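What follows is the content of data.txt (compact mmCIF, C-alpha atoms and all ligand atoms).
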# COMPACT_ATOMS: atom_id res chain seq x y z
CA MET A 4 -30.32 -16.16 -44.74
CA ALA A 5 -27.12 -17.79 -43.46
CA ASP A 6 -28.81 -19.14 -40.29
CA GLU A 7 -31.95 -20.34 -42.03
CA PRO A 8 -32.26 -24.09 -42.54
CA PRO A 9 -31.42 -24.92 -46.16
CA ILE A 10 -33.43 -26.71 -48.77
CA VAL A 11 -31.45 -29.75 -49.90
CA VAL A 12 -31.28 -30.11 -53.68
CA GLY A 13 -30.06 -33.44 -55.02
CA VAL A 14 -29.24 -33.65 -58.72
CA SER A 15 -29.04 -37.19 -60.07
CA GLY A 16 -28.31 -38.65 -63.47
CA ALA A 17 -31.68 -38.56 -65.23
CA SER A 18 -32.49 -36.36 -68.18
CA GLY A 19 -33.76 -32.97 -67.00
CA ALA A 20 -30.64 -31.20 -65.74
CA PRO A 21 -32.06 -27.85 -67.00
CA ILE A 22 -34.92 -28.24 -64.50
CA ALA A 23 -32.38 -28.55 -61.69
CA LEU A 24 -30.65 -25.35 -62.84
CA ARG A 25 -33.98 -23.51 -62.97
CA VAL A 26 -34.87 -24.72 -59.46
CA LEU A 27 -31.47 -23.58 -58.15
CA ASP A 28 -31.79 -20.18 -59.84
CA ALA A 29 -35.30 -19.66 -58.45
CA LEU A 30 -34.22 -20.63 -54.91
CA ARG A 31 -31.32 -18.18 -55.19
CA ASP A 32 -33.73 -15.46 -56.37
CA ALA A 33 -35.98 -16.27 -53.41
CA ARG A 34 -32.94 -16.02 -51.12
CA VAL A 35 -33.47 -19.53 -49.83
CA PRO A 36 -30.22 -21.22 -48.74
CA VAL A 37 -29.48 -24.41 -50.65
CA ALA A 38 -27.38 -27.43 -49.71
CA LEU A 39 -26.48 -29.05 -53.03
CA VAL A 40 -25.46 -32.62 -53.78
CA VAL A 41 -24.69 -33.78 -57.31
CA SER A 42 -24.45 -37.53 -57.92
CA ASP A 43 -21.69 -39.06 -60.01
CA GLY A 44 -24.36 -40.10 -62.50
CA ALA A 45 -25.45 -36.49 -62.96
CA VAL A 46 -22.04 -35.38 -64.21
CA ALA A 47 -22.47 -36.82 -67.71
CA VAL A 48 -26.04 -35.53 -68.01
CA LEU A 49 -25.11 -32.02 -66.87
CA ARG A 50 -22.39 -31.98 -69.49
CA GLU A 51 -24.66 -33.38 -72.23
CA GLU A 52 -27.74 -31.26 -71.55
CA CYS A 53 -26.28 -28.02 -70.16
CA GLY A 54 -22.63 -28.09 -71.24
CA LEU A 55 -21.68 -27.64 -67.59
CA ALA A 56 -19.36 -29.26 -65.08
CA PRO A 57 -20.84 -29.75 -61.57
CA GLU A 58 -18.54 -27.00 -60.24
CA ALA A 59 -20.53 -24.49 -62.30
CA LEU A 60 -23.49 -25.05 -59.96
CA ALA A 61 -21.53 -24.00 -56.87
CA ASP A 62 -22.51 -20.33 -56.97
CA ARG A 63 -26.17 -21.34 -56.93
CA ALA A 64 -25.88 -22.97 -53.49
CA GLN A 65 -24.90 -21.89 -50.02
CA VAL A 66 -22.99 -25.13 -49.57
CA VAL A 67 -22.06 -27.98 -51.93
CA TYR A 68 -21.37 -31.44 -50.55
CA SER A 69 -19.69 -34.37 -52.25
CA ASP A 70 -22.06 -37.27 -52.82
CA HIS A 71 -19.40 -39.40 -51.11
CA ASP A 72 -19.37 -37.30 -47.92
CA LEU A 73 -21.54 -39.40 -45.64
CA ALA A 74 -20.40 -37.33 -42.65
CA ALA A 75 -21.94 -34.11 -44.05
CA PRO A 76 -24.48 -32.40 -41.74
CA ILE A 77 -27.44 -33.28 -43.99
CA ALA A 78 -26.68 -37.00 -43.47
CA SER A 79 -28.19 -36.55 -40.00
CA GLY A 80 -31.72 -35.79 -38.91
CA SER A 81 -30.24 -33.42 -36.32
CA ARG A 82 -29.49 -30.91 -39.11
CA ALA A 83 -32.68 -28.90 -39.66
CA THR A 84 -33.74 -28.40 -43.26
CA ARG A 85 -36.74 -26.96 -45.06
CA GLY A 86 -37.12 -30.06 -47.19
CA MET A 87 -35.42 -31.74 -50.11
CA ALA A 88 -35.93 -32.06 -53.83
CA ILE A 89 -34.26 -34.64 -56.05
CA VAL A 90 -34.41 -33.10 -59.48
CA PRO A 91 -34.12 -34.85 -61.83
CA CYS A 92 -34.36 -38.24 -60.12
CA SER A 93 -32.94 -41.21 -62.01
CA ALA A 94 -34.55 -44.66 -61.88
CA ASN A 95 -31.41 -45.80 -60.08
CA THR A 96 -31.79 -43.18 -57.34
CA VAL A 97 -35.55 -43.83 -57.05
CA ALA A 98 -34.81 -47.52 -56.48
CA ARG A 99 -32.10 -46.88 -53.91
CA VAL A 100 -34.23 -44.43 -51.91
CA ALA A 101 -37.30 -46.68 -52.08
CA LEU A 102 -35.23 -49.60 -50.79
CA GLY A 103 -33.87 -47.52 -47.91
CA LEU A 104 -30.28 -47.49 -49.15
CA GLY A 105 -28.18 -44.62 -47.88
CA ASP A 106 -24.87 -45.43 -49.53
CA THR A 107 -24.37 -41.95 -50.99
CA LEU A 108 -25.05 -38.56 -49.40
CA LEU A 109 -27.93 -37.91 -51.79
CA THR A 110 -29.73 -41.15 -50.93
CA ARG A 111 -28.86 -40.83 -47.23
CA ALA A 112 -30.29 -37.28 -47.11
CA ALA A 113 -33.46 -38.53 -48.83
CA HIS A 114 -33.72 -41.29 -46.23
CA VAL A 115 -33.32 -38.68 -43.47
CA HIS A 116 -36.14 -36.59 -44.94
CA LEU A 117 -38.44 -39.60 -45.02
CA LYS A 118 -37.60 -40.72 -41.49
CA GLU A 119 -37.96 -37.20 -40.10
CA ARG A 120 -41.27 -36.81 -41.96
CA ARG A 121 -39.98 -33.80 -43.85
CA ARG A 122 -40.94 -32.78 -47.34
CA LEU A 123 -39.26 -34.81 -50.09
CA VAL A 124 -40.05 -33.94 -53.70
CA ILE A 125 -38.75 -36.16 -56.46
CA VAL A 126 -38.88 -35.56 -60.21
CA PRO A 127 -38.37 -38.96 -61.87
CA ARG A 128 -37.78 -39.02 -65.58
CA GLU A 129 -38.00 -42.19 -67.62
CA THR A 130 -40.21 -43.28 -70.48
CA PRO A 131 -41.90 -45.63 -70.80
CA LEU A 132 -42.21 -46.14 -67.05
CA PRO A 133 -41.14 -49.74 -66.30
CA THR A 134 -43.15 -51.70 -63.75
CA ILE A 135 -40.24 -51.89 -61.33
CA LEU A 136 -39.91 -48.09 -61.36
CA LEU A 137 -43.67 -47.69 -60.86
CA ARG A 138 -43.44 -50.01 -57.85
CA HIS A 139 -40.62 -47.98 -56.32
CA LEU A 140 -42.46 -44.71 -57.01
CA THR A 141 -45.56 -46.12 -55.33
CA THR A 142 -43.46 -47.00 -52.29
CA LEU A 143 -42.04 -43.48 -52.11
CA SER A 144 -45.46 -41.90 -52.53
CA GLU A 145 -46.84 -44.10 -49.76
CA LEU A 146 -43.95 -43.00 -47.54
CA GLY A 147 -44.96 -39.37 -48.06
CA ALA A 148 -42.72 -38.22 -50.89
CA VAL A 149 -44.23 -36.02 -53.60
CA VAL A 150 -43.68 -37.67 -56.98
CA LEU A 151 -43.74 -34.90 -59.55
CA ASP A 152 -43.56 -36.22 -63.09
CA ALA A 153 -41.76 -34.13 -65.67
CA ALA A 154 -44.78 -33.79 -67.98
CA PRO A 155 -45.40 -30.62 -70.01
CA PRO A 156 -48.41 -28.45 -69.01
CA TYR A 157 -50.19 -28.38 -72.39
CA TYR A 158 -53.23 -26.71 -70.84
CA LEU A 159 -51.06 -23.64 -70.04
CA HIS A 160 -49.96 -23.47 -73.71
CA PRO A 161 -46.18 -23.45 -73.19
CA ARG A 162 -44.45 -21.79 -76.15
CA SER A 163 -41.06 -23.39 -75.67
CA VAL A 164 -39.07 -26.02 -73.81
CA ASP A 165 -37.87 -23.12 -71.68
CA ASP A 166 -41.49 -22.42 -70.64
CA GLN A 167 -41.96 -26.09 -69.75
CA THR A 168 -38.74 -26.08 -67.75
CA SER A 169 -39.91 -23.05 -65.77
CA TYR A 170 -43.27 -24.70 -65.14
CA LEU A 171 -41.67 -27.88 -63.80
CA ALA A 172 -39.24 -25.93 -61.63
CA GLY A 173 -42.20 -23.88 -60.36
CA LYS A 174 -44.08 -27.04 -59.41
CA VAL A 175 -41.05 -28.17 -57.40
CA LEU A 176 -40.99 -24.82 -55.56
CA ASP A 177 -44.76 -25.03 -54.99
CA HIS A 178 -44.26 -28.30 -53.14
CA LEU A 179 -41.32 -26.94 -51.18
CA GLY A 180 -43.47 -24.00 -50.04
CA VAL A 181 -41.37 -21.35 -51.78
CA SER A 182 -43.13 -18.59 -53.72
CA HIS A 183 -41.97 -17.81 -57.24
CA GLN A 184 -43.00 -16.37 -60.58
CA LEU A 185 -41.90 -19.27 -62.74
CA TYR A 186 -45.28 -19.94 -64.28
CA ARG A 187 -48.74 -18.50 -64.29
CA GLY A 188 -51.44 -20.81 -62.93
CA TRP A 189 -54.63 -21.76 -64.71
CA LYS A 190 -56.63 -18.57 -65.48
CA SER A 191 -54.42 -16.60 -63.11
CA GLU A 192 -54.73 -12.81 -63.31
CA ALA A 193 -51.26 -12.42 -61.81
CA ALA A 194 -48.20 -11.66 -63.95
C1 LIG A 201 -27.22 -38.42 -71.23
C2 LIG A 201 -27.81 -39.38 -70.23
C3 LIG A 201 -29.17 -39.37 -70.00
C4 LIG A 201 -29.74 -40.25 -69.07
N1 LIG A 201 -31.08 -40.18 -68.86
C5 LIG A 201 -31.64 -40.94 -67.89
C6 LIG A 201 -33.02 -40.79 -67.58
O1 LIG A 201 -33.74 -39.98 -68.16
N2 LIG A 201 -33.52 -41.55 -66.59
C7 LIG A 201 -32.75 -42.43 -65.87
O2 LIG A 201 -33.28 -43.06 -64.96
N3 LIG A 201 -31.43 -42.62 -66.16
C8 LIG A 201 -30.86 -41.89 -67.15
N4 LIG A 201 -29.52 -42.05 -67.45
C9 LIG A 201 -28.77 -43.12 -66.79
C10 LIG A 201 -28.29 -42.72 -65.40
O3 LIG A 201 -27.46 -41.56 -65.48
C11 LIG A 201 -27.51 -43.88 -64.77
O4 LIG A 201 -28.41 -44.94 -64.46
C12 LIG A 201 -26.74 -43.47 -63.54
O5 LIG A 201 -26.09 -44.62 -63.00
C13 LIG A 201 -27.62 -42.88 -62.46
O6 LIG A 201 -26.84 -42.63 -61.32
P1 LIG A 201 -27.37 -41.77 -60.09
O7 LIG A 201 -28.74 -42.29 -59.77
O8 LIG A 201 -26.41 -42.01 -58.98
O9 LIG A 201 -27.37 -40.36 -60.52
C14 LIG A 201 -28.94 -41.18 -68.38
C15 LIG A 201 -27.55 -41.19 -68.62
C16 LIG A 201 -27.00 -40.32 -69.53
C17 LIG A 201 -25.50 -40.35 -69.77
Just give me the structure as structure tokens.
Amino acid sequence: MADEPPIVVGVSGASGAPIALRVLDALRDARVPVALVVSDGAVAVLREECGLAPEALADRAQVVYSDHDLAAPIASGSRATRGMAIVPCSANTVARVALGLGDTLLTRAAHVHLKERRRLVIVPRETPLPTILLRHLTTLSELGAVVLDAAPPYYLHPRSVDDQTSYLAGKVLDHLGVSHQLYRGWKSEAA
């Protein structure tokens, strides 16, 4: 596991911090190494929604980088990775990535994933969706990013917010190519 390229997980300051925790837990269960970056904006949301400080996420990652560390390995395309997820992805981070800004490690790593044509999954969360955000999301989709909206799967009859959180985390892992048991697909016979 130690020599395997990591999946980069960026946590930014949108609502949905529990989805990030579920993604990190599932990647740990799958024994996939994670390089974690938590934005400054995420600190208040992590505290509000999960009652956690960013340091509490450290044991869910192989390595944690400061969002201000622009010399970290994942700031370069020469560092192999298995892809990146930004979960949740704030409107601010969507805009900065769509505009090609790499002024923080999270946005720089996203830029690297786009330029290297690697998988980038983003989970934006805002409602209603303003036109400017829709424009930026369109740009990112056109550049190859997977835009995965944080909508509940009513057709799977979730019984709780916890079920919905697992479903959304599972969708992130689906698009990162990591198998999991976070949700059962439509009419699936599997557990
Ligand atoms: C409790 C809380 C919830 C927030 N929810 C959202 C949200 O759902 N979507 C969003 O785009 N910004 C949200 N924000 C605002 C962002 O955190 C803020 O724009 C921040 O600057 C984003 O920084 P970052 O993109 O570097 O993480 C929220 C802020 C707080 C404190």
task: List all protein, DNA and RNA residues that have an atom no more than 9 Å from any atom of ligand LIG 201 (chain A), counting all atoms listed in the file, and report them as a ChimeraX atom specification.
output: /A:14-19,41-52,70,91-99,107,109-110,127-130
query: Which one is closest to His160 in chain A: A:Tyr68, A:Trp189, A:Ala38, A:Leu176? Count all atoms listed in the file.
result: A:Trp189
Please tabulate, as JSON lines, the residues of range 38-118 of chain A that come within 8 Å of range 21-31 of chain A, each with its closest pair of atoms and the distance in Å to one decimal, counting all atoms listed in the file and ordering rows by chain, then residue number upward.
{"residue": "A:Glu52", "atom": "CA", "partner": "A:Pro21", "partner_atom": "CA", "distance": 7.1}
{"residue": "A:Cys53", "atom": "CA", "partner": "A:Pro21", "partner_atom": "CA", "distance": 6.6}
{"residue": "A:Leu60", "atom": "CA", "partner": "A:Leu24", "partner_atom": "CA", "distance": 7.7}
{"residue": "A:Arg63", "atom": "CA", "partner": "A:Leu27", "partner_atom": "CA", "distance": 5.9}
{"residue": "A:Ala64", "atom": "CA", "partner": "A:Leu27", "partner_atom": "CA", "distance": 7.3}
{"residue": "A:Val90", "atom": "CA", "partner": "A:Ala23", "partner_atom": "CA", "distance": 5.5}
{"residue": "A:Pro91", "atom": "CA", "partner": "A:Ala23", "partner_atom": "CA", "distance": 6.5}
field: Residue nearest Ser144 in chain A among A:Arg162, A:Lys190, A:Arg122, A:His183 (counting all atoms listed in the file)
entry: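 Among A:Arg162, A:Lys190, A:Arg122, A:His183, it is A:Arg122 that comes nearest to Ser144 in chain A.
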Nearest to Val40 in chain A, chosen from A:Ala20, A:Ile89, A:Leu137, A:Ala83, with only C-alpha atoms counted in the distances: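 Of A:Ala20, A:Ile89, A:Leu137, A:Ala83, the one nearest Val40 in chain A, counting only C-alpha atoms, is A:Ile89.
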message: Using Å and a single decimal, report how far CA of Arg82 in chain A sits from CA of Leu171 in chain A.
response: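 Interatomic distance, CA of Leu171 in chain A to CA of Arg82 in chain A: 27.7 Å.
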message: Ranking A:Leu146, A:Ala88, A:Leu39, A:Val124 by minimum distance to Pro76 in chain A and counting only C-alpha atoms, which one comes first?
response: A:Leu39
Atom pair CA of Asp166 in chain A / CA of Val12 in chain A: separation (Å):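 A separation of 21.2 Å between them.
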query: Given the choices A:Ala74, A:Val35, A:Leu123, A:Ala112, which gets closest to Glu145 in chain A if the distance is worked out from only C-alpha atoms?
result: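 Counting only C-alpha atoms, the residue closest to Glu145 in chain A is A:Leu123.
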field: Å distance separating CA of Leu73 in chain A from CA of Val181 in chain A, one decimal place
entry: 27.5 Å
Using the file's own x, y and z axes, what box holds all listed atoms of range 57-71 of chain A with 6 Å on each side, keeping edges along x, y and z, and what are its centre and edge lengths in Å to one decimal, as AutoDock Vina command-line options?
--center_x -22.4 --center_y -29.9 --center_z -55.9 --size_x 19.6 --size_y 31.1 --size_z 24.7
message: From the options A:Ser79, A:Val149, A:Arg138, A:Gly103, which residue's atoms come nearest to Val115 in chain A, counting all atoms listed in the file?
response: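 Answer, going by the shortest atom-to-atom distance: A:Ser79.
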task: Name all residues at most 10 Å from Gly147 in chain A (count all atoms listed in the file; drop same-chain ones fewer than 5 positions away) and give them as a VMD selection string.
output: chain A and resid 116 to 118 120 to 124 141 to 142
Got a minute to add all heavy atoms to range 42-53 of chain A and dump it as a PDB file, in the coordinates of the input?
ATOM      1  N   SER A  42     -24.919 -36.128 -57.869  1.00  0.00           N
ATOM      2  CA  SER A  42     -24.450 -37.530 -57.920  1.00  0.00           C
ATOM      3  C   SER A  42     -23.411 -37.692 -59.021  1.00  0.00           C
ATOM      4  O   SER A  42     -23.351 -36.889 -59.971  1.00  0.00           O
ATOM      5  CB  SER A  42     -25.622 -38.472 -58.176  1.00  0.00           C
ATOM      6  OG  SER A  42     -26.002 -38.417 -59.541  1.00  0.00           O
ATOM      7  N   ASP A  43     -22.646 -38.760 -58.942  1.00  0.00           N
ATOM      8  CA  ASP A  43     -21.690 -39.060 -60.010  1.00  0.00           C
ATOM      9  C   ASP A  43     -22.423 -39.233 -61.340  1.00  0.00           C
ATOM     10  O   ASP A  43     -21.941 -38.815 -62.393  1.00  0.00           O
ATOM     11  CB  ASP A  43     -20.906 -40.345 -59.688  1.00  0.00           C
ATOM     12  CG  ASP A  43     -19.938 -40.146 -58.533  1.00  0.00           C
ATOM     13  OD1 ASP A  43     -19.695 -38.985 -58.151  1.00  0.00           O
ATOM     14  OD2 ASP A  43     -19.434 -41.160 -58.012  1.00  0.00           O
ATOM     15  N   GLY A  44     -23.584 -39.853 -61.273  1.00  0.00           N
ATOM     16  CA  GLY A  44     -24.360 -40.100 -62.500  1.00  0.00           C
ATOM     17  C   GLY A  44     -24.808 -38.826 -63.174  1.00  0.00           C
ATOM     18  O   GLY A  44     -25.057 -38.799 -64.386  1.00  0.00           O
ATOM     19  N   ALA A  45     -24.963 -37.755 -62.402  1.00  0.00           N
ATOM     20  CA  ALA A  45     -25.450 -36.490 -62.960  1.00  0.00           C
ATOM     21  C   ALA A  45     -24.379 -35.777 -63.777  1.00  0.00           C
ATOM     22  O   ALA A  45     -24.704 -34.909 -64.590  1.00  0.00           O
ATOM     23  CB  ALA A  45     -25.931 -35.576 -61.840  1.00  0.00           C
ATOM     24  N   VAL A  46     -23.118 -36.131 -63.569  1.00  0.00           N
ATOM     25  CA  VAL A  46     -22.040 -35.380 -64.210  1.00  0.00           C
ATOM     26  C   VAL A  46     -22.154 -35.441 -65.738  1.00  0.00           C
ATOM     27  O   VAL A  46     -22.104 -34.414 -66.426  1.00  0.00           O
ATOM     28  CB  VAL A  46     -20.658 -35.903 -63.730  1.00  0.00           C
ATOM     29  CG1 VAL A  46     -19.529 -35.215 -64.483  1.00  0.00           C
ATOM     30  CG2 VAL A  46     -20.513 -35.691 -62.219  1.00  0.00           C
ATOM     31  N   ALA A  47     -22.382 -36.657 -66.256  1.00  0.00           N
ATOM     32  CA  ALA A  47     -22.470 -36.820 -67.710  1.00  0.00           C
ATOM     33  C   ALA A  47     -23.706 -36.119 -68.263  1.00  0.00           C
ATOM     34  O   ALA A  47     -23.668 -35.537 -69.359  1.00  0.00           O
ATOM     35  CB  ALA A  47     -22.495 -38.300 -68.073  1.00  0.00           C
ATOM     36  N   VAL A  48     -24.799 -36.148 -67.514  1.00  0.00           N
ATOM     37  CA  VAL A  48     -26.040 -35.530 -68.010  1.00  0.00           C
ATOM     38  C   VAL A  48     -25.932 -34.011 -67.985  1.00  0.00           C
ATOM     39  O   VAL A  48     -26.362 -33.328 -68.917  1.00  0.00           O
ATOM     40  CB  VAL A  48     -27.254 -36.022 -67.183  1.00  0.00           C
ATOM     41  CG1 VAL A  48     -28.539 -35.477 -67.787  1.00  0.00           C
ATOM     42  CG2 VAL A  48     -27.303 -37.539 -67.140  1.00  0.00           C
ATOM     43  N   LEU A  49     -25.325 -33.477 -66.941  1.00  0.00           N
ATOM     44  CA  LEU A  49     -25.110 -32.020 -66.870  1.00  0.00           C
ATOM     45  C   LEU A  49     -24.267 -31.550 -68.052  1.00  0.00           C
ATOM     46  O   LEU A  49     -24.538 -30.520 -68.656  1.00  0.00           O
ATOM     47  CB  LEU A  49     -24.376 -31.666 -65.573  1.00  0.00           C
ATOM     48  CG  LEU A  49     -25.227 -31.321 -64.361  1.00  0.00           C
ATOM     49  CD1 LEU A  49     -24.361 -31.288 -63.110  1.00  0.00           C
ATOM     50  CD2 LEU A  49     -25.935 -29.981 -64.556  1.00  0.00           C
ATOM     51  N   ARG A  50     -23.266 -32.346 -68.376  1.00  0.00           N
ATOM     52  CA  ARG A  50     -22.390 -31.980 -69.490  1.00  0.00           C
ATOM     53  C   ARG A  50     -23.170 -32.054 -70.813  1.00  0.00           C
ATOM     54  O   ARG A  50     -23.119 -31.155 -71.643  1.00  0.00           O
ATOM     55  CB  ARG A  50     -21.170 -32.916 -69.540  1.00  0.00           C
ATOM     56  CG  ARG A  50     -20.082 -32.413 -70.464  1.00  0.00           C
ATOM     57  CD  ARG A  50     -18.921 -33.390 -70.667  1.00  0.00           C
ATOM     58  NE  ARG A  50     -18.399 -33.959 -69.434  1.00  0.00           N
ATOM     59  CZ  ARG A  50     -18.489 -35.246 -69.111  1.00  0.00           C
ATOM     60  NH1 ARG A  50     -19.095 -36.110 -69.909  1.00  0.00           N
ATOM     61  NH2 ARG A  50     -17.966 -35.693 -67.989  1.00  0.00           N
ATOM     62  N   GLU A  51     -23.929 -33.152 -70.973  1.00  0.00           N
ATOM     63  CA  GLU A  51     -24.660 -33.380 -72.230  1.00  0.00           C
ATOM     64  C   GLU A  51     -25.783 -32.348 -72.439  1.00  0.00           C
ATOM     65  O   GLU A  51     -25.962 -31.822 -73.531  1.00  0.00           O
ATOM     66  CB  GLU A  51     -25.253 -34.801 -72.186  1.00  0.00           C
ATOM     67  CG  GLU A  51     -26.016 -35.211 -73.409  1.00  0.00           C
ATOM     68  CD  GLU A  51     -25.114 -35.295 -74.640  1.00  0.00           C
ATOM     69  OE1 GLU A  51     -23.939 -35.645 -74.490  1.00  0.00           O
ATOM     70  OE2 GLU A  51     -25.613 -34.973 -75.743  1.00  0.00           O
ATOM     71  N   GLU A  52     -26.534 -32.080 -71.381  1.00  0.00           N
ATOM     72  CA  GLU A  52     -27.740 -31.260 -71.550  1.00  0.00           C
ATOM     73  C   GLU A  52     -27.507 -29.765 -71.314  1.00  0.00           C
ATOM     74  O   GLU A  52     -28.257 -28.934 -71.812  1.00  0.00           O
ATOM     75  CB  GLU A  52     -28.844 -31.763 -70.607  1.00  0.00           C
ATOM     76  CG  GLU A  52     -29.296 -33.164 -70.950  1.00  0.00           C
ATOM     77  CD  GLU A  52     -30.486 -33.646 -70.150  1.00  0.00           C
ATOM     78  OE1 GLU A  52     -30.702 -33.154 -69.024  1.00  0.00           O
ATOM     79  OE2 GLU A  52     -31.189 -34.547 -70.642  1.00  0.00           O
ATOM     80  N   CYS A  53     -26.500 -29.430 -70.509  1.00  0.00           N
ATOM     81  CA  CYS A  53     -26.280 -28.020 -70.160  1.00  0.00           C
ATOM     82  C   CYS A  53     -24.877 -27.541 -70.520  1.00  0.00           C
ATOM     83  O   CYS A  53     -24.580 -26.349 -70.378  1.00  0.00           O
ATOM     84  CB  CYS A  53     -26.500 -27.798 -68.661  1.00  0.00           C
ATOM     85  SG  CYS A  53     -28.124 -28.322 -68.086  1.00  0.00           S
TER      86      CYS A  53
END
